Number of protein chains: 2
Amino acid sequence: MNGLVHALRAALGDAAVLTAPEERIAFERDWRNLHQHPAVCVVLPKTTAELARAVSLCAGAGVAVVAQGGNTGLVAGGVPVAGVPQVVLSLTRMNRIFAPDRVGNTVKVQAGATVQAVQAAAAAAGLMFGVSFGAQGSAQIGGAISTNAGGIQVLAHASMRANVLGLEVVLADGRVWDGLRAVAKDNTGFDLKQIFIGGEGTLGIITGAVLRLLPAARAHAMALVGVADVAGAVRVFQDIRAHAGDSLTMCEFITRAALELGAAQVTAGRLPFAAANYVLTELSSHTPDAPLAALLETALAPALESGIASDAVIAQSERERLALLRLREAVPEGELAEGGAVKHDIAVPIAATARAVADIEHVIATKYKDCRLNIFGHLGDGNLHVNVRPRAGAGLDDLADRKAAITADVEAIAMAYGGSFSAEHGIGQLRLDGMQTHKSSVELELMQKLKHALDPRGIFNPGKVLPQ
Amino acid sequence: MNGLVHALRAALGDAAVLTAPEERIAFERDWRNLHQHPAVCVVLPKTTAELARAVSLCAGAGVAVVAQGGNTGLVAGGVPVAGVPQVVLSLTRMNRIFAPDRVGNTVKVQAGATVQAVQAAAAAAGLMFGVSFGAQGSAQIGGAISTNAGGIQVLAHASMRANVLGLEVVLADGRVWDGLRAVAKDNTGFDLKQIFIGGEGTLGIITGAVLRLLPAARAHAMALVGVADVAGAVRVFQDIRAHAGDSLTMCEFITRAALELGAAQVTAGRLPFAAANYVLTELSSHTPDAPLAALLETALAPALESGIASDAVIAQSERERLALLRLREAVPEGELAEGGAVKHDIAVPIAATARAVADIEHVIATKYKDCRLNIFGHLGDGNLHVNVRPRAGAGLDDLADRKAAITADVEAIAMAYGGSFSAEHGIGQLRLDGMQTHKSSVELELMQKLKHALDPRGIFNPGKVLPQ
C-alpha cells in the first residue's frame with residue numbers, strides 16, 4: 001500500500017492524498033453513522049485527468065476505488081466496505097460550475113459541485129434546476145447522478161436521470177469517456193450515460209455533467225390538507241391532479257406522528273391544525289399571475305365538502321409557504337433527534353398505497369408491537385418512507401436484533417404490490433439483502449454481465465449494489 | 001434453413017411462419033424503399049413465450065433475428081441486411097393494450113400495439129400519451145421504445161425513454177426479463193430498461209411495456225409566425241418560452257420551401273401568409289379555460305413590434321389549429337411526392353442553430369449547387385431535419401454518387417457545434433458511417449462491450465448500430 005500512496009502523492013501532490021486517520025475518518029464513515037471501514041487513503045483530485053490517473057494507479061496496484069460525493073447517501077454507498085483495500089476518491093475539489101447556456105437552458109458542471117450550488121447558478125441565470133432534496137447543501141451532482149436522486153419535485157421534473165443531458169466518466173481502465181453533450185436529443189447508438197446514471201459508482205466515476213435547466217417557477221400555491229386516512233390522501237391527490245395537471249409540482253403524504261416529529265424541530269411542536277394524516281401539496285407556474293391559489297381551492301372543494309378532507313390551509317404568503325415546506329423537511333431531522341429509525345424507501349403503484357400502508361401497520365402492530373411507525377413521503381410518486389422507530393425512550397440499538405426482519409417484512413409488502421424496495425435511495429451496502437431476495441436470477445445475471453463488461457476486475461466500489 | 005423453418009412451424013404453428021417471397025416482401029423492405037434483403041422467413045408470434053421460443057430456435061440454429069415493429073423507421077433498422085441468414089420477428093400480433101391504471105396514470109401494453117392505439121386507449125381513460133409523431137398510426141410501441149422515438153411533443157413530454165416505466169424483454173439466450181414495473185421510482189440496482197430503450201433491437205427484443213400516461217390537455221393555442229431568418233426563429237422561441245414556460249408544448253421551425261411542400265399536399269399550395277421562414281408553436285394546458293391565446297399574443301408582441309416576426313396568425317378554432325398542424329405534418333409527404341431527399345436528422349445546441357444552418361446553406365450552395373435544401377424540425381429541441389433534394393424534376397438517383405459526401409458534410413457541421421448526427425431517427429443501417437466517423441474509440445468500445453455482454457453471439461439485428 002505504501003507504494004500506491006507514494007505513487008498517488010507523486011502524481012497528484014501531497015496535499016491531494018490524506019492518510020492520517022483523523023483526516024480520513026469523515027470520508028470513511030457514512031453520514032447515518034452505520035458503517036465505517038478504513039481506507040488506504042483519501043484522494044482529492046482537482047481535475048478529470050488527475051482523477052483518471054488516480055484510478056489507473058489504483059487499478060495497477062489492484063486496489064479498489066470508492067468514489068465519494070457529499071457523502072449524504074442513506075445506504076452507505078459512498079464509503080468503504082470491510083475486508084478489501086480501498087482508496088476513497090473524493091470529488092469535492094472538482095466543483096466548478098460553468099456559465100449556463102440561457103438559450104439551450106443547460107449548464108455544464110464538474111461532478112463535485114453541490115446540488116444547491118447548481119440551483120443557485122441556475123437561479124442567477126433566471127432559470128431553475130429541477131431536482132431538489134433535503135441534503136442538497138452537501139450532496140454533490142456526481143453523487144446525485146450516480147444514485148439517480150429524487151426528492152420533492154419528482155412529480156413535476158422527474159428524478160436526476162431525466163435532468164442529465166451529458167456525462168463525463170472515468171472508466172475502470174483509467175480512460176475517460178467524454179459524453180458531455182448539450183443537446184436534448186441524441187440517438188446515436190446506445191445511450192451510454194444511462195448506464196452510469198444510478199450505477200452508484202460501481203461501473204465508472206462520473207466527473208462532469210451537462211444538466212438540463214428549466215424556466216424558473218414564478219408563482220406557487222401550497223396547501224396543507226388534513227385527511228382521515230391514506231385512501232383519503234390518494235383521493236385528494238387525484239382531485240388536485242385532475243384540476244391542476246402540469247401545475248402540480250409536489251404532493252407529499254405525512255402522518256400526524258411524522259408531522260409532529262417535524263414540528264418538534266421547527267415550531268416547538270405546534271401543528272397548523274390537528275388531523276390524522278396530512279397531504280402537503282404545491283402548484284407552481286412560470287406565469288407570475290397564474291391563479292394557483294384559486295385553482296387549489298377549487299381542487300380541494302369536493303374533498304372538503306364530502307368530508308374526505310377534514311381541514312385545509314392554503315399558505316397566504318411566501319413566508320407561510322416556506323414554513324409549511326420547512327415543517328415537512330424537518331421530519332427526518334426530528335426522527336433522528338428522537339432516536340432514529342429503521343428506514344425504508346418503498347414505492348407501490350399509487351392505487352395500492354392505502355392497502356400497502358394497512359398491511360405495514362398490521363405487521364408492525366402484530367410482530368413488532370413496541371415499535372412506532374413514521375410514514376411520510378412522495379405520495380404523487382407512490383413513494384413512501386416507511387420508518388420503524390424504537391419504543392419511546394429507546395435508541396436504535398433496541399432494534400438491532402429485529403432490524404433485518406422488520407426490513408424484510410416491509411420490503412415484502414412493497415414487492416407484493418408490484419413495487420420497489422428502494423425507490424430513490426439506491427442499494428449501496430444497506431439493501432443488498434433486498435437485491436438477493438427480490439430480484440430474479442435473470443435480472444441479477446444481467447446486472448452482473450453489465451458490471452463485468454465495464455469493470456471486469458471489480459475495482460469500482462466493491463461490495464455495493466450487487467450481492468455476491 | 002429448412003430445419004429451422006420446420007422447427008418454427010412446429011413450435012408456433014404454420015400460420016405464424018411466412019416463407020413465400022410475396023408474403024415476406026413487406027417485412028424485408030424498409031418503408032423508404034432504400035433497403036431490401038431476403039429473410040429466411042417471417043415469424044409472427046402471439047405471445048412472449050412464443051417469441052422467446054422462436055429466438056431460442058434461431059439462436060440454436062445460428063440464425064440471426066431482426067425484430068420488427070411497424071417498419072416505419074427512417075434508417076432501415078428493422079429489416080434484414082445483406083449476407084447473413086436472418087429471421088424477421090414481427091411483433092404485429094402482440095398488440096394487446098391492458099386497461100389503464102387511472103390512479104397511477106400508467107398503462108401496460110404488448111410491444112406490437114401501435115402508438116396511435118395507445119393514444120386512443122389513454123384518451124378513452126381521460127388521459128393522454130406524451131409521444132406523438134407522423135407515423136404513429138403504423139409505428140408500434142416496441143419499435144418506438146427500441147428507437148427512443150421523439151416527435152413533435154418532446155419539448156413538453158420528452159422522448160420515448162422518459163415515458164417508459166417498465167419493460168419485458170426477450171434476451172439473446174431466449175430467456176425473458178420481466179421488468180414490467182408500474183412505479184415512477186425504482187432505484188434497485190442498474191436500471192436495465194435503459195439499456196434496451198434505444199437499443200434498436202440489437203441487445204434484446206422488447207415484448208411489453210408499462211407506459212407513463214399524463215393528464216389530458218384540455219386547452220390549446222397554436223400560432224404560425226413568419227420570421228426573416230433562423231436567428232429570428234430562435235428569438236421567437238425564447239420569447240414564447242420566457243412567457244409560457246411549461247405551457248409550451250411545441251415549437252417547430254419550417255422554411256418557406258418546406259412549408260410549400262406541405263401546402264402542395266393539403267391546401268393546393270396555398271400558404272396562410274408569405275414569409276421567409278416560419279415558426280409553428282403550440283401552448284397547451286390541462287385547465288380548460290387557461291388563457292393561452294392571450295399568453296401567446298403577449299409572447300409574440302415584442303417580436304412583431306421589433307420586426308423580428310413579420311407576421312403571425314393564431315388559430316381561432318380547433319379546425320384552424322388542426323389545419324396548421326396538418327400543414328406541418330405534410331412536409332415529409334410533400335418531399336417524398338416531389339422526388340425525395342437525402343435526409344438528415346441533426347441536433348445542435350439551440351444557440352448554435354442559426355450558425356449551423358448558415359454553414360449548411362453555404363456548403364450546399366458551394367459544393368452541391370444544383371441541390372435544394374428542405375429544412376424543418378423541432379426548434380425547441382435543437383433538432384432539425386436537414387434534407388437535401390435533387391434539382392427540380394430529378395429523382396434521388398440523381399444524387400446517388402454524391403449522397404455519402406452530402407451526408408458527411410451535413411453531419412460534420414452538426415458535430416462541429418457539439419451536436420448529434422442522429423437526434424431522433426437512430427442509426428440502423430443508414431448511419432453507420434457517422435458512428436465510425438464521429439464516435440470516439442472509447443465510446444465505440446463501450447458500446448461493443450455492452451453488445452458482447454448481452455448478445456455474445458451477435459444474433460440480434462446484425463449490421464445495425466455498431467460499425468464493424
# chains A, B, ... in the order shown; residues from 1 in each chain; ligands from 1
call {"tool": "closest_atom_pairs", "arguments": {"of": "chain B", "to": "chain A", "cutoff": "6 Å", "atoms": "only C-alpha atoms", "output": "JSON lines"}}
result
{"residue": "B:Val103", "atom": "CA", "partner": "A:Ala351", "partner_atom": "CA", "distance": 5.5}
{"residue": "B:Gly104", "atom": "CA", "partner": "A:Ile350", "partner_atom": "CA", "distance": 5.2}
{"residue": "B:Val183", "atom": "CA", "partner": "A:Pro349", "partner_atom": "CA", "distance": 5.4}
{"residue": "B:Ala184", "atom": "CA", "partner": "A:Asp381", "partner_atom": "CA", "distance": 5.8}
{"residue": "B:Lys185", "atom": "CA", "partner": "A:Ala423", "partner_atom": "CA", "distance": 4.9}
{"residue": "B:Asp186", "atom": "CA", "partner": "A:Ala423", "partner_atom": "CA", "distance": 4.2}
{"residue": "B:Asn187", "atom": "CA", "partner": "A:Gly426", "partner_atom": "CA", "distance": 4.8}
{"residue": "B:Thr188", "atom": "CA", "partner": "A:Ser422", "partner_atom": "CA", "distance": 5.6}
{"residue": "B:Gly189", "atom": "CA", "partner": "A:Val465", "partner_atom": "CA", "distance": 5.7}
{"residue": "B:Phe190", "atom": "CA", "partner": "A:Gly199", "partner_atom": "CA", "distance": 5.8}
{"residue": "B:Gly199", "atom": "CA", "partner": "A:Phe190", "partner_atom": "CA", "distance": 5.8}
{"residue": "B:Pro215", "atom": "CA", "partner": "A:Gly245", "partner_atom": "CA", "distance": 5.8}
{"residue": "B:Gly245", "atom": "CA", "partner": "A:His286", "partner_atom": "CA", "distance": 5.2}
{"residue": "B:His286", "atom": "CA", "partner": "A:Gly245", "partner_atom": "CA", "distance": 5.2}
{"residue": "B:Pro349", "atom": "CA", "partner": "A:Val183", "partner_atom": "CA", "distance": 5.4}
{"residue": "B:Ile350", "atom": "CA", "partner": "A:Gly104", "partner_atom": "CA", "distance": 5.1}
{"residue": "B:Ala351", "atom": "CA", "partner": "A:Val103", "partner_atom": "CA", "distance": 5.5}
{"residue": "B:Asp381", "atom": "CA", "partner": "A:Ala184", "partner_atom": "CA", "distance": 5.9}
{"residue": "B:Ser420", "atom": "CA", "partner": "A:Asp186", "partner_atom": "CA", "distance": 5.5}
{"residue": "B:Ser422", "atom": "CA", "partner": "A:Asn187", "partner_atom": "CA", "distance": 5.6}
{"residue": "B:Ala423", "atom": "CA", "partner": "A:Asp186", "partner_atom": "CA", "distance": 4.2}
{"residue": "B:Glu424", "atom": "CA", "partner": "A:Asn187", "partner_atom": "CA", "distance": 5.4}
{"residue": "B:Gly426", "atom": "CA", "partner": "A:Asn187", "partner_atom": "CA", "distance": 4.8}
{"residue": "B:Lys449", "atom": "CA", "partner": "A:Ala453", "partner_atom": "CA", "distance": 5.8}
{"residue": "B:Ala453", "atom": "CA", "partner": "A:Lys449", "partner_atom": "CA", "distance": 5.8}
{"residue": "B:Val465", "atom": "CA", "partner": "A:Gly189", "partner_atom": "CA", "distance": 5.7}
call {"tool": "residues_around", "arguments": {"residues": "Ala392 in chain B", "least_positions_apart": "2", "cutoff": "10 Å", "atoms": "only C-alpha atoms", "output": "ChimeraX atom specification"}}
result
/B:338-339,370-372,389-390,394-395
call {"tool": "select_by_dssp", "arguments": {"residues": "range 294-364 of chain B", "states": "strand (DSSP E)", "output": "ChimeraX atom specification"}}
result
/B:309-314,346-347
call {"tool": "write_last_selection", "arguments": {"atoms": "all heavy atoms", "output": "tab-separated table (two decimals), in the first residue's frame"}}
result
chain	number	residue	atom	x	y	z
B	309	ALA	N	-40.43	39.22	-36.03
B	309	ALA	CA	-41.51	38.46	-36.65
B	309	ALA	C	-42.21	39.35	-37.66
B	309	ALA	O	-42.54	40.50	-37.35
B	309	ALA	CB	-42.50	37.96	-35.60
B	310	SER	N	-42.41	38.85	-38.86
B	310	SER	CA	-43.02	39.67	-39.91
B	310	SER	C	-44.54	39.56	-39.88
B	310	SER	O	-45.25	40.46	-40.32
B	310	SER	CB	-42.50	39.23	-41.28
B	310	SER	OG	-42.74	37.84	-41.46
B	311	ASP	N	-45.05	38.47	-39.37
B	311	ASP	CA	-46.50	38.24	-39.39
B	311	ASP	C	-46.79	37.08	-38.46
B	311	ASP	O	-45.88	36.31	-38.11
B	311	ASP	CB	-46.94	37.88	-40.82
B	311	ASP	CG	-48.41	38.19	-41.06
B	311	ASP	OD1	-49.15	38.43	-40.09
B	311	ASP	OD2	-48.81	38.18	-42.24
B	312	ALA	N	-48.04	36.95	-38.04
B	312	ALA	CA	-48.41	35.81	-37.22
B	312	ALA	C	-49.91	35.58	-37.30
B	312	ALA	O	-50.68	36.54	-37.39
B	312	ALA	CB	-48.00	36.03	-35.76
B	313	VAL	N	-50.31	34.32	-37.30
B	313	VAL	CA	-51.73	34.01	-37.15
B	313	VAL	C	-51.88	33.06	-35.97
B	313	VAL	O	-51.08	32.14	-35.80
B	313	VAL	CB	-52.36	33.35	-38.41
B	313	VAL	CG1	-52.39	34.33	-39.56
B	313	VAL	CG2	-51.65	32.07	-38.79
B	314	ILE	N	-52.90	33.32	-35.18
B	314	ILE	CA	-53.24	32.41	-34.08
B	314	ILE	C	-54.51	31.67	-34.49
B	314	ILE	O	-55.49	32.31	-34.91
B	314	ILE	CB	-53.44	33.18	-32.77
B	314	ILE	CG1	-52.10	33.81	-32.34
B	314	ILE	CG2	-53.97	32.26	-31.67
B	314	ILE	CD1	-52.17	34.63	-31.07
B	346	ILE	N	-30.32	16.18	-37.59
B	346	ILE	CA	-29.25	16.65	-36.71
B	346	ILE	C	-29.79	17.40	-35.49
B	346	ILE	O	-30.93	17.90	-35.50
B	346	ILE	CB	-28.26	17.57	-37.46
B	346	ILE	CG1	-28.97	18.86	-37.92
B	346	ILE	CG2	-27.63	16.85	-38.65
B	346	ILE	CD1	-28.00	19.95	-38.37
B	347	ALA	N	-28.99	17.47	-34.47
B	347	ALA	CA	-29.27	18.35	-33.34
B	347	ALA	C	-28.04	19.20	-33.08
B	347	ALA	O	-26.91	18.74	-33.27
B	347	ALA	CB	-29.62	17.56	-32.09
call {"tool": "atom_distance", "arguments": {"atom1": "CA of Leu44 in chain A", "atom2": "CA of Arg212 in chain A"}}
result
27.1 Å
call {"tool": "residues_around", "arguments": {"residues": "Ile360 in chain A", "least_positions_apart": "2", "cutoff": "10 Å", "atoms": "only C-alpha atoms", "output": "number ranges by chain"}}
result
A: 354-358, 362-366, 373, 386, 406, 409-414
call {"tool": "residues_around", "arguments": {"residues": "range 21-30 of chain B", "least_positions_apart": "2", "cutoff": "9 Å", "atoms": "only C-alpha atoms", "output": "ChimeraX atom specification"}}
result
/B:18-19,32-39,41-42,68,71-80,88,90
call {"tool": "write_last_selection", "arguments": {"atoms": "C-alpha atoms", "output": "tab-separated table (two decimals), in the first residue's frame"}}
result
chain	number	residue	atom	x	y	z
B	18	LEU	CA	-44.28	-16.86	-43.61
B	19	THR	CA	-41.85	-18.16	-46.19
B	32	ARG	CA	-38.29	4.38	-47.62
B	33	ASN	CA	-37.56	1.61	-50.11
B	34	LEU	CA	-33.83	2.00	-49.64
B	35	HIS	CA	-33.01	-1.48	-48.43
B	36	GLN	CA	-34.33	-4.93	-49.21
B	37	HIS	CA	-32.66	-8.22	-48.42
B	38	PRO	CA	-34.23	-11.66	-48.09
B	39	ALA	CA	-35.22	-13.18	-44.75
B	41	CYS	CA	-38.80	-16.43	-43.04
B	42	VAL	CA	-41.04	-14.02	-41.17
B	68	GLN	CA	-39.71	-5.56	-36.47
B	71	ASN	CA	-41.45	-0.83	-40.01
B	72	THR	CA	-41.76	2.94	-40.18
B	73	GLY	CA	-38.19	3.73	-39.18
B	74	LEU	CA	-36.13	6.03	-41.36
B	75	VAL	CA	-32.75	4.30	-41.03
B	76	ALA	CA	-33.61	0.75	-42.16
B	77	GLY	CA	-33.08	-0.57	-38.66
B	78	GLY	CA	-35.89	-3.13	-38.68
B	79	VAL	CA	-35.23	-5.01	-41.92
B	80	PRO	CA	-32.58	-7.59	-42.85
B	88	VAL	CA	-37.70	-11.36	-39.21
B	90	SER	CA	-42.72	-9.26	-36.33
